[in-house]
Amino acid sequence: IWGAWYVTLGTWLGQQLHFSGAQIGVAAGTTALGAAISPFLVGLMADQLFANQRLLAALHGIGAVLLWVASTQKAFGPMYAVLLVYSLCYMPTMALTNALAFRQMKDPKQDFGSIRVLGTAGWIVAGLLIGFLRVEPTAIPIRIAGAASVLMAIYSLTLPHTPPLRSAHGFKLSNIFPPEAFTLFKDRNFSVFVLASFLICIPLQFYYTFTNPFLNEIGMQNAAGKMTMGQMSELLFMVTLPWFFRRVGVKYTLILGMFAWVVRYICFGTGNTGSLAPLLYLGIVLHGICYDFFFVTGQVYVDQKAPPALRAVAQGLIYFITYGIGMFVGSWICGGIVDRYAKSLASGGVFHDWRSIWMVPAIASAVVLLFFWVGFRREERPPQQPAPVAEATVSR
């Protein structure tokens, strides 16, 4: 569902509806707001009020209607409002599906990886389909996502019954983020890691929001399909993570991930669809290192640092800070940068100085890398439990 509409959102909004870069950025940022608020929604509804599978069915059913309504909008205000409400419905479903799976498995550490990998496969299938149909600058991708959401709503009703584990006793912020979780920040390395994770999500939003519009504008054919090479490399590099944990440790695995972000944006800024086309493909393929070596490694690191009773809470807190607040800030910044380097053409279109645009996240990523390199003291003991690697990939 997400892979069908989100990748090409900027291309549709820019080429067909002529939204500005700032408008495209904040529209894409609705998912970040959904990620920031979803822990509160999930904690109250799934834990206390509704059976998991029925809540999933309701959220995806409502989401299908909202996606179709969004596909009919022409003005920014109504479009933003619909996408925001949709994101508040959709983003909690990722945690809900994980929670349902864990509740029904006998051995989650053994079984979850083979199930979760299908999420990445679904993202790849969506990108290949959209690229094959050549409908990237149209409303068709978001309607395909709506149709998939209908199927998901129906399928959810066939899932095993997963009732709430607690009786309803009202909402409390401490139920979502217990005060004990914040004691983790007394550890210098943990604080440096969290701050670096927040900061690195700001340039990350450039990739998620504007890579597809960029590739289409410079003339790459089947851009959505070719962007799935990033998810394919994600699967490949996931296999190498245990080796890097053992050989170089957590610190330098994280640094390699951030360095790949710098290289990726430089490749986008210097590549073209002619003789330098390999640089564009390299930038896409580097997504596997960018995501696995930083986010997945980071989630394993959090799992090792947090006491067993606080591991789920700590992961939720990091998700809130990164994919919630960090990506939301990035959505505002990236759109403004794109507008800064945009020029109107006599034909009515818009030309962007993409080299200058991509240098901004490249420099920002390099600054975060240096901050982390200096601030994070190497921990000699690498993670001893490789299993969370398979469990950590909760978002694209």
# chains A, B, ... in the order shown; residues from 1 in each chain; ligands from 1
call {"tool": "residues_around", "arguments": {"residues": "Val329 of chain A", "least_positions_apart": "4", "cutoff": "7 Å", "atoms": "only C-alpha atoms", "output": "JSON list (two decimals) with C-alpha atoms, in the first residue's frame"}}
result
[["chain", "number", "residue", "atom", "x", "y", "z"],
["A", 202, "ILE", "CA", 16.29, 15.43, 8.18],
["A", 325, "ILE", "CA", 9.83, 14.27, 14.63],
["A", 333, "ILE", "CA", 13.29, 21.79, 5.13]]
call {"tool": "residues_around", "arguments": {"residues": "segment 110-127 of chain A", "least_positions_apart": "4", "cutoff": "12 Å", "atoms": "only C-alpha atoms", "output": "PyMOL selection string"}}
result
chain A and resi 1-8+94+97-106+131-136+141-142+144-145+148+212+222-236+238-239+288+386-396
call {"tool": "select_by_dssp", "arguments": {"residues": "segment 158-380 of chain A", "states": "helix (DSSP H, G or I)", "output": "ChimeraX atom specification"}}
result
/A:173-176,179-186,188-217,223-227,229-270,277-285,287-305,308-340,354-375
call {"tool": "residues_around", "arguments": {"residues": "Trp332 of chain A", "least_positions_apart": "5", "cutoff": "7 Å", "atoms": "only C-alpha atoms", "output": "list in words"}}
result
Ala22, Gly25 and Val26 of chain A
call {"tool": "write_last_selection", "arguments": {"atoms": "N, CA, C and O atoms", "output": "compact mmCIF listing (two decimals), in the first residue's frame"}}
result
# COMPACT_ATOMS: atom_id res chain seq x y z
N ALA A 22 7.77 23.21 -1.44
CA ALA A 22 7.39 23.26 -0.03
C ALA A 22 6.08 22.50 0.20
O ALA A 22 5.94 21.78 1.20
N GLY A 25 6.78 18.80 0.01
CA GLY A 25 7.49 18.34 1.19
C GLY A 25 6.58 18.12 2.38
O GLY A 25 6.63 17.08 3.04
N VAL A 26 5.71 19.10 2.67
CA VAL A 26 4.84 18.95 3.84
C VAL A 26 3.75 17.91 3.59
O VAL A 26 3.28 17.26 4.53
call {"tool": "closest_residue", "arguments": {"among": "A:His161, A:Lys343, A:His352, A:His60", "to": "Phe214 of chain A", "atoms": "only C-alpha atoms"}}
result
A:His352
call {"tool": "residues_around", "arguments": {"residues": "Trp358 of chain A", "least_positions_apart": "3", "cutoff": "12 Å", "atoms": "only C-alpha atoms", "output": "ChimeraX atom specification"}}
result
/A:203-207,210-211,214,261-271,283,334,337-338,341,352-355,361-365
call {"tool": "atom_distance", "arguments": {"atom1": "atom CA of Phe293 of chain A", "atom2": "atom CA of Ile200 of chain A"}}
result
12.9 Å
call {"tool": "residues_around", "arguments": {"residues": "Pro307 of chain A", "least_positions_apart": "5", "cutoff": "12 Å", "atoms": "only C-alpha atoms", "output": "list in words"}}
result
Glu180, Ala181, Phe182, Thr183, Leu184, Tyr301, Val302, Ala312, Val313, Ala314 and Gln315 of chain A
call {"tool": "closest_residue", "arguments": {"among": "A:Ala58, A:Leu195, A:Asn52, A:Leu84", "to": "Ala28 of chain A", "atoms": "only C-alpha atoms"}}
result
A:Leu84
call {"tool": "residues_around", "arguments": {"residues": "Ser71 of chain A", "least_positions_apart": "5", "cutoff": "8 Å", "atoms": "only C-alpha atoms", "output": "compact mmCIF listing (two decimals) with N, CA and C atoms, in the first residue's frame"}}
result
# COMPACT_ATOMS: atom_id res chain seq x y z
N ALA A 139 -2.70 10.20 -10.88
CA ALA A 139 -3.35 9.80 -9.64
C ALA A 139 -3.57 8.29 -9.57
N ILE A 140 -3.18 7.55 -10.62
CA ILE A 140 -3.43 6.11 -10.64
C ILE A 140 -2.69 5.38 -9.52
N ILE A 142 -2.02 6.24 -6.45
CA ILE A 142 -2.71 6.37 -5.17
C ILE A 142 -4.04 5.62 -5.18
N ARG A 143 -4.62 5.47 -6.37
CA ARG A 143 -5.84 4.67 -6.48
C ARG A 143 -5.53 3.17 -6.40
call {"tool": "closest_residue", "arguments": {"among": "A:Gln299, A:Ser331, A:Thr253, A:Thr322", "to": "Arg378 of chain A", "atoms": "only C-alpha atoms"}}
result
A:Thr253
call {"tool": "closest_residue", "arguments": {"among": "A:Gly21, A:Gln53, A:Leu370, A:Arg188", "to": "Pro160 of chain A", "atoms": "only C-alpha atoms"}}
result
A:Gln53
